[in-house]
$ cat my_file.pdb   # PDB, C-alpha atoms
ATOM      1  CA  MET D   1       0.000   0.000   0.000
ATOM      2  CA  ASP D   2       1.332   3.410  -0.905
ATOM      3  CA  GLN D   3       2.275   5.797   1.876
ATOM      4  CA  PRO D   4      -0.476   8.427   2.239
ATOM      5  CA  ALA D   5       0.332  12.060   1.529
ATOM      6  CA  VAL D   6       1.220  14.193   4.511
ATOM      7  CA  THR D   7      -1.941  15.692   5.930
ATOM      8  CA  ARG D   8      -2.870  17.645   9.056
ATOM      9  CA  TYR D   9      -5.084  17.300  12.102
ATOM     10  CA  THR D  10      -8.634  18.645  11.797
ATOM     11  CA  THR D  11      -9.508  22.007  13.280
ATOM     12  CA  ASP D  12     -12.078  22.301  16.082
ATOM     13  CA  THR D  13     -14.643  23.554  13.544
ATOM     14  CA  GLU D  14     -13.971  20.627  11.182
ATOM     15  CA  ARG D  15     -14.062  18.136  14.075
ATOM     16  CA  ALA D  16     -17.483  19.451  15.186
ATOM     17  CA  ASN D  17     -18.878  18.341  11.801
ATOM     18  CA  ILE D  18     -17.626  14.732  12.054
ATOM     19  CA  ALA D  19     -20.349  12.230  12.996
ATOM     20  CA  GLY D  20     -18.023   9.193  13.226
ATOM     21  CA  ILE D  21     -15.801   6.973  11.138
ATOM     22  CA  GLU D  22     -16.725   4.152   8.782
ATOM     23  CA  LEU D  23     -14.402   1.186   8.426
ATOM     24  CA  ASN D  24     -14.186  -0.720   5.154
ATOM     25  CA  PRO D  25     -16.272  -3.880   5.769
ATOM     26  CA  ASP D  26     -13.956  -6.085   3.682
ATOM     27  CA  ASP D  27     -10.908  -4.915   5.658
ATOM     28  CA  VAL D  28     -12.749  -5.490   8.956
ATOM     29  CA  ALA D  29     -13.738  -9.012   7.862
ATOM     30  CA  HIS D  30     -10.113  -9.749   6.928
ATOM     31  CA  VAL D  31      -8.798  -8.556  10.303
ATOM     32  CA  MET D  32     -11.516 -10.493  12.175
ATOM     33  CA  ASP D  33     -10.496 -13.619  10.250
ATOM     34  CA  LEU D  34      -6.906 -13.072  11.417
ATOM     35  CA  VAL D  35      -8.118 -12.651  15.020
ATOM     36  CA  SER D  36     -10.110 -15.883  14.720
ATOM     37  CA  LYS D  37      -7.053 -17.749  13.443
ATOM     38  CA  GLY D  38      -5.010 -16.278  16.284
ATOM     39  CA  LEU D  39      -7.541 -17.527  18.834
ATOM     40  CA  VAL D  40      -7.421 -21.031  17.363
ATOM     41  CA  GLY D  41      -3.612 -20.993  17.355
ATOM     42  CA  ALA D  42      -3.413 -19.821  20.965
ATOM     43  CA  ALA D  43      -6.033 -22.352  22.088
ATOM     44  CA  ALA D  44      -4.008 -25.207  20.582
ATOM     45  CA  MET D  45      -1.498 -24.815  23.428
ATOM     46  CA  HIS D  46      -4.254 -25.925  25.838
ATOM     47  CA  GLU D  47      -4.701 -29.346  24.197
ATOM     48  CA  ALA D  48      -2.419 -30.883  26.821
ATOM     49  CA  ALA D  49      -4.856 -30.025  29.643
ATOM     50  CA  VAL D  50      -6.894 -32.961  30.967
ATOM     51  CA  GLN D  51     -10.167 -31.024  30.930
ATOM     52  CA  GLU D  52     -12.375 -31.520  27.927
ATOM     53  CA  ASP D  53     -14.353 -28.302  28.399
ATOM     54  CA  MET D  54     -12.405 -25.146  29.172
ATOM     55  CA  ALA D  55     -13.148 -21.473  29.700
ATOM     56  CA  LEU D  56     -10.175 -19.613  28.266
ATOM     57  CA  SER D  57      -9.613 -15.963  29.125
ATOM     58  CA  ALA D  58      -8.991 -13.918  26.004
ATOM     59  CA  LYS D  59      -7.330 -10.531  25.663
ATOM     60  CA  VAL D  60      -7.135  -8.850  22.275
ATOM     61  CA  ILE D  61      -5.413  -5.525  21.755
ATOM     62  CA  VAL D  62      -6.537  -3.571  18.708
ATOM     63  CA  GLN D  63      -4.061  -0.914  17.637
ATOM     64  CA  LEU D  64      -4.671   1.347  14.663
ATOM     65  CA  THR D  65      -1.953   3.683  13.413
ATOM     66  CA  ARG D  66      -2.201   6.432  10.828
ATOM     67  CA  GLY D  67       1.037   7.935   9.611
ATOM     68  CA  GLY D  68       1.736  10.930   7.452
ATOM     69  CA  ILE D  69       0.361  13.671   9.683
ATOM     70  CA  ALA D  70       2.132  17.013   9.634
ATOM     71  CA  GLY D  71       3.356  17.881  13.119
ATOM     72  CA  ALA D  72       3.449  21.357  14.607
ATOM     73  CA  ASP D  73       7.250  21.293  14.374
ATOM     74  CA  GLY D  74       7.128  20.639  10.618
ATOM     75  CA  GLY D  75       7.964  16.941  11.016
ATOM     76  CA  VAL D  76       5.769  13.974  10.222
ATOM     77  CA  GLU D  77       3.874  12.246  13.033
ATOM     78  CA  GLU D  78       1.905   9.055  13.545
ATOM     79  CA  LEU D  79      -1.391   8.851  15.377
ATOM     80  CA  THR D  80      -1.985   5.583  17.228
ATOM     81  CA  ALA D  81      -5.096   4.504  19.101
ATOM     82  CA  ALA D  82      -5.424   1.246  21.021
ATOM     83  CA  GLU D  83      -8.281  -0.632  22.643
ATOM     84  CA  GLU D  84      -7.960  -3.705  24.877
ATOM     85  CA  ILE D  85     -10.829  -6.172  24.704
ATOM     86  CA  THR D  86     -11.250  -9.049  27.148
ATOM     87  CA  GLY D  87     -13.672 -11.946  27.230
ATOM     88  CA  THR D  88     -14.058 -15.660  27.699
ATOM     89  CA  VAL D  89     -13.853 -18.257  24.962
ATOM     90  CA  ARG D  90     -15.315 -21.635  25.788
ATOM     91  CA  ALA D  91     -13.435 -24.503  24.199
ATOM     92  CA  SER D  92     -13.790 -28.254  24.074
ATOM     93  CA  LYS D  93     -11.473 -30.856  22.660
ATOM     94  CA  ILE D  94     -12.170 -32.815  19.519
ATOM     95  CA  PHE D  95     -10.957 -36.404  19.736
ATOM     96  CA  LEU D  96     -10.177 -38.636  16.800
ATOM     97  CA  ASP D  97     -11.621 -41.506  18.848
ATOM     98  CA  PRO D  98     -13.892 -40.254  21.663
ATOM     99  CA  ASN D  99     -13.685 -43.704  23.314
ATOM    100  CA  LYS D 100      -9.975 -43.098  23.950
ATOM    101  CA  ALA D 101     -10.497 -39.674  25.555
ATOM    102  CA  PRO D 102      -8.766 -39.360  28.944
ATOM    103  CA  ALA D 103     -10.853 -39.631  32.096
ATOM    104  CA  THR D 104     -11.720 -36.273  33.617
ATOM    105  CA  ASP D 105     -12.945 -35.105  37.030
ATOM    106  CA  SER D 106     -16.452 -34.285  35.720
TER     107      SER D 106
END
$ encode --input "my_file.pdb" --output "C-alpha cells"
Amino acid sequence: MDQPAVTRYTTDTERANIAGIELNPDDVAHVMDLVSKGLVGAAAMHEAAVQEDMALSAKVIVQLTRGGIAGADGGVEELTAAEEITGTVRASKIFLDPNKAPATDS
C-alpha cells in the first residue's frame, strides 16, 4: 500500500462536523479472520490439559496507526489509538476416537 500524503489534524470547527468513522467492511472481515485464526492458534497450546471443556480468558489488543500527519514542528507524526478487549472463549477438545479420551474429574 502506498504511503499516504502528509496531511494535518482537523480544526475544532472541522471536528465538530464529524459524525463518526466508517471502516471498510472487507478490511474489517479480513482482520476479524486473522483474530479468529489467532484464537485457534493460541487455544491449541491448551490441548495438553486434561479437561475436555475449558473457559479460556482472552485478551485482544486492537491498535490502529495512521502515519503521514504534519506535526506542529514541521515533522511527520503518527497517530496511534489502542483498545484492549477481554472476554471468555469456551473450548472443548475434539478427539479422533472419543472412546480413547482421557478420564476427567467431571
$ residues_around --input "my_file.pdb" --residues "Glu52 in chain D" --least-positions-apart "5" --cutoff "9 Å" --atoms "only C-alpha atoms" --output "list in words"
Glu47, Ala91, Ser92, Lys93, Ile94, Ala101, Pro102 and Thr104 of chain D
$ write_last_selection --input "my_file.pdb" --atoms "C-alpha atoms" --output "PDB file, keeping the file's coordinate frame"
ATOM      1  CA  GLU D  47      -4.701 -29.346  24.197  1.00  0.00           C
ATOM      2  CA  ALA D  91     -13.435 -24.503  24.199  1.00  0.00           C
ATOM      3  CA  SER D  92     -13.790 -28.254  24.074  1.00  0.00           C
ATOM      4  CA  LYS D  93     -11.473 -30.856  22.660  1.00  0.00           C
ATOM      5  CA  ILE D  94     -12.170 -32.815  19.519  1.00  0.00           C
ATOM      6  CA  ALA D 101     -10.497 -39.674  25.555  1.00  0.00           C
ATOM      7  CA  PRO D 102      -8.766 -39.360  28.944  1.00  0.00           C
ATOM      8  CA  THR D 104     -11.720 -36.273  33.617  1.00  0.00           C
TER       9      THR D 104
END
$ atom_distance --input "my_file.pdb" --atom1 "CA of Tyr9 in chain D" --atom2 "CA of Arg66 in chain D"
11.3 Å
$ closest_residue --input "my_file.pdb" --among "D:Glu84, D:Asp26, D:Ile21, D:Val89" --to "Ala43 in chain D" --atoms "all atoms listed in the file"
D:Val89
$ atom_distance --input "my_file.pdb" --atom1 "CA of Ser57 in chain D" --atom2 "CA of Thr86 in chain D"
7.4 Å
$ residues_around --input "my_file.pdb" --residues "Val35 in chain D" --least-positions-apart "4" --cutoff "12 Å" --atoms "all atoms listed in the file" --output "MDAnalysis selection string"
chainID D and resid 28:31 39:42 58:62 85
$ residues_around --input "my_file.pdb" --residues "Gly75 in chain D" --least-positions-apart "5" --cutoff "12 Å" --atoms "only C-alpha atoms" --output "NGL selection string"
:D and (6-8 or 67-70)
$ atom_distance --input "my_file.pdb" --atom1 "CA of Arg15 in chain D" --atom2 "CA of Glu77 in chain D"
18.9 Å
$ residues_near_point --input "my_file.pdb" --point "(-1.8, 3.2, 16.8)" --cutoff "9 Å" --atoms "only C-alpha atoms" --output "PyMOL selection string"
chain D and resi 62-66+78-82
$ build_atoms --input "my_file.pdb" --residues "range 33-46 of chain D" --atoms "N, CA, C and O atoms" --output "short mmCIF file (atom, residue, chain, number, x, y, z; two decimals), in the coordinates of the input"
data_model
loop_
_atom_site.label_atom_id
_atom_site.label_comp_id
_atom_site.auth_asym_id
_atom_site.auth_seq_id
_atom_site.Cartn_x
_atom_site.Cartn_y
_atom_site.Cartn_z
N ASP D 33 -10.93 -12.28 10.61
CA ASP D 33 -10.50 -13.62 10.25
C ASP D 33 -9.12 -13.90 10.85
O ASP D 33 -8.87 -15.00 11.37
N LEU D 34 -8.23 -12.91 10.82
CA LEU D 34 -6.91 -13.07 11.42
C LEU D 34 -7.02 -13.26 12.93
O LEU D 34 -6.31 -14.09 13.52
N VAL D 35 -7.90 -12.50 13.58
CA VAL D 35 -8.12 -12.65 15.02
C VAL D 35 -8.63 -14.06 15.32
O VAL D 35 -8.16 -14.72 16.25
N SER D 36 -9.57 -14.54 14.53
CA SER D 36 -10.11 -15.88 14.72
C SER D 36 -9.01 -16.95 14.61
O SER D 36 -8.92 -17.86 15.43
N LYS D 37 -8.16 -16.81 13.61
CA LYS D 37 -7.05 -17.75 13.44
C LYS D 37 -6.08 -17.66 14.61
O LYS D 37 -5.54 -18.67 15.07
N GLY D 38 -5.88 -16.45 15.12
CA GLY D 38 -5.01 -16.28 16.28
C GLY D 38 -5.58 -16.95 17.52
O GLY D 38 -4.86 -17.54 18.32
N LEU D 39 -6.90 -16.86 17.70
CA LEU D 39 -7.54 -17.53 18.83
C LEU D 39 -7.37 -19.04 18.74
O LEU D 39 -7.05 -19.70 19.73
N VAL D 40 -7.57 -19.59 17.56
CA VAL D 40 -7.42 -21.03 17.36
C VAL D 40 -5.98 -21.46 17.63
O VAL D 40 -5.72 -22.45 18.31
N GLY D 41 -5.03 -20.67 17.14
CA GLY D 41 -3.61 -20.99 17.36
C GLY D 41 -3.24 -20.95 18.83
O GLY D 41 -2.53 -21.82 19.33
N ALA D 42 -3.72 -19.93 19.54
CA ALA D 42 -3.41 -19.82 20.96
C ALA D 42 -4.10 -20.93 21.77
O ALA D 42 -3.53 -21.46 22.73
N ALA D 43 -5.30 -21.30 21.37
CA ALA D 43 -6.03 -22.35 22.09
C ALA D 43 -5.36 -23.71 21.93
O ALA D 43 -5.45 -24.56 22.82
N ALA D 44 -4.66 -23.91 20.82
CA ALA D 44 -4.01 -25.21 20.58
C ALA D 44 -3.02 -25.56 21.69
O ALA D 44 -2.79 -26.74 21.97
N MET D 45 -2.45 -24.54 22.35
CA MET D 45 -1.50 -24.82 23.43
C MET D 45 -2.19 -25.47 24.63
O MET D 45 -1.54 -26.07 25.46
N HIS D 46 -3.52 -25.38 24.70
CA HIS D 46 -4.25 -25.92 25.84
C HIS D 46 -4.72 -27.36 25.60
O HIS D 46 -5.41 -27.93 26.44
#
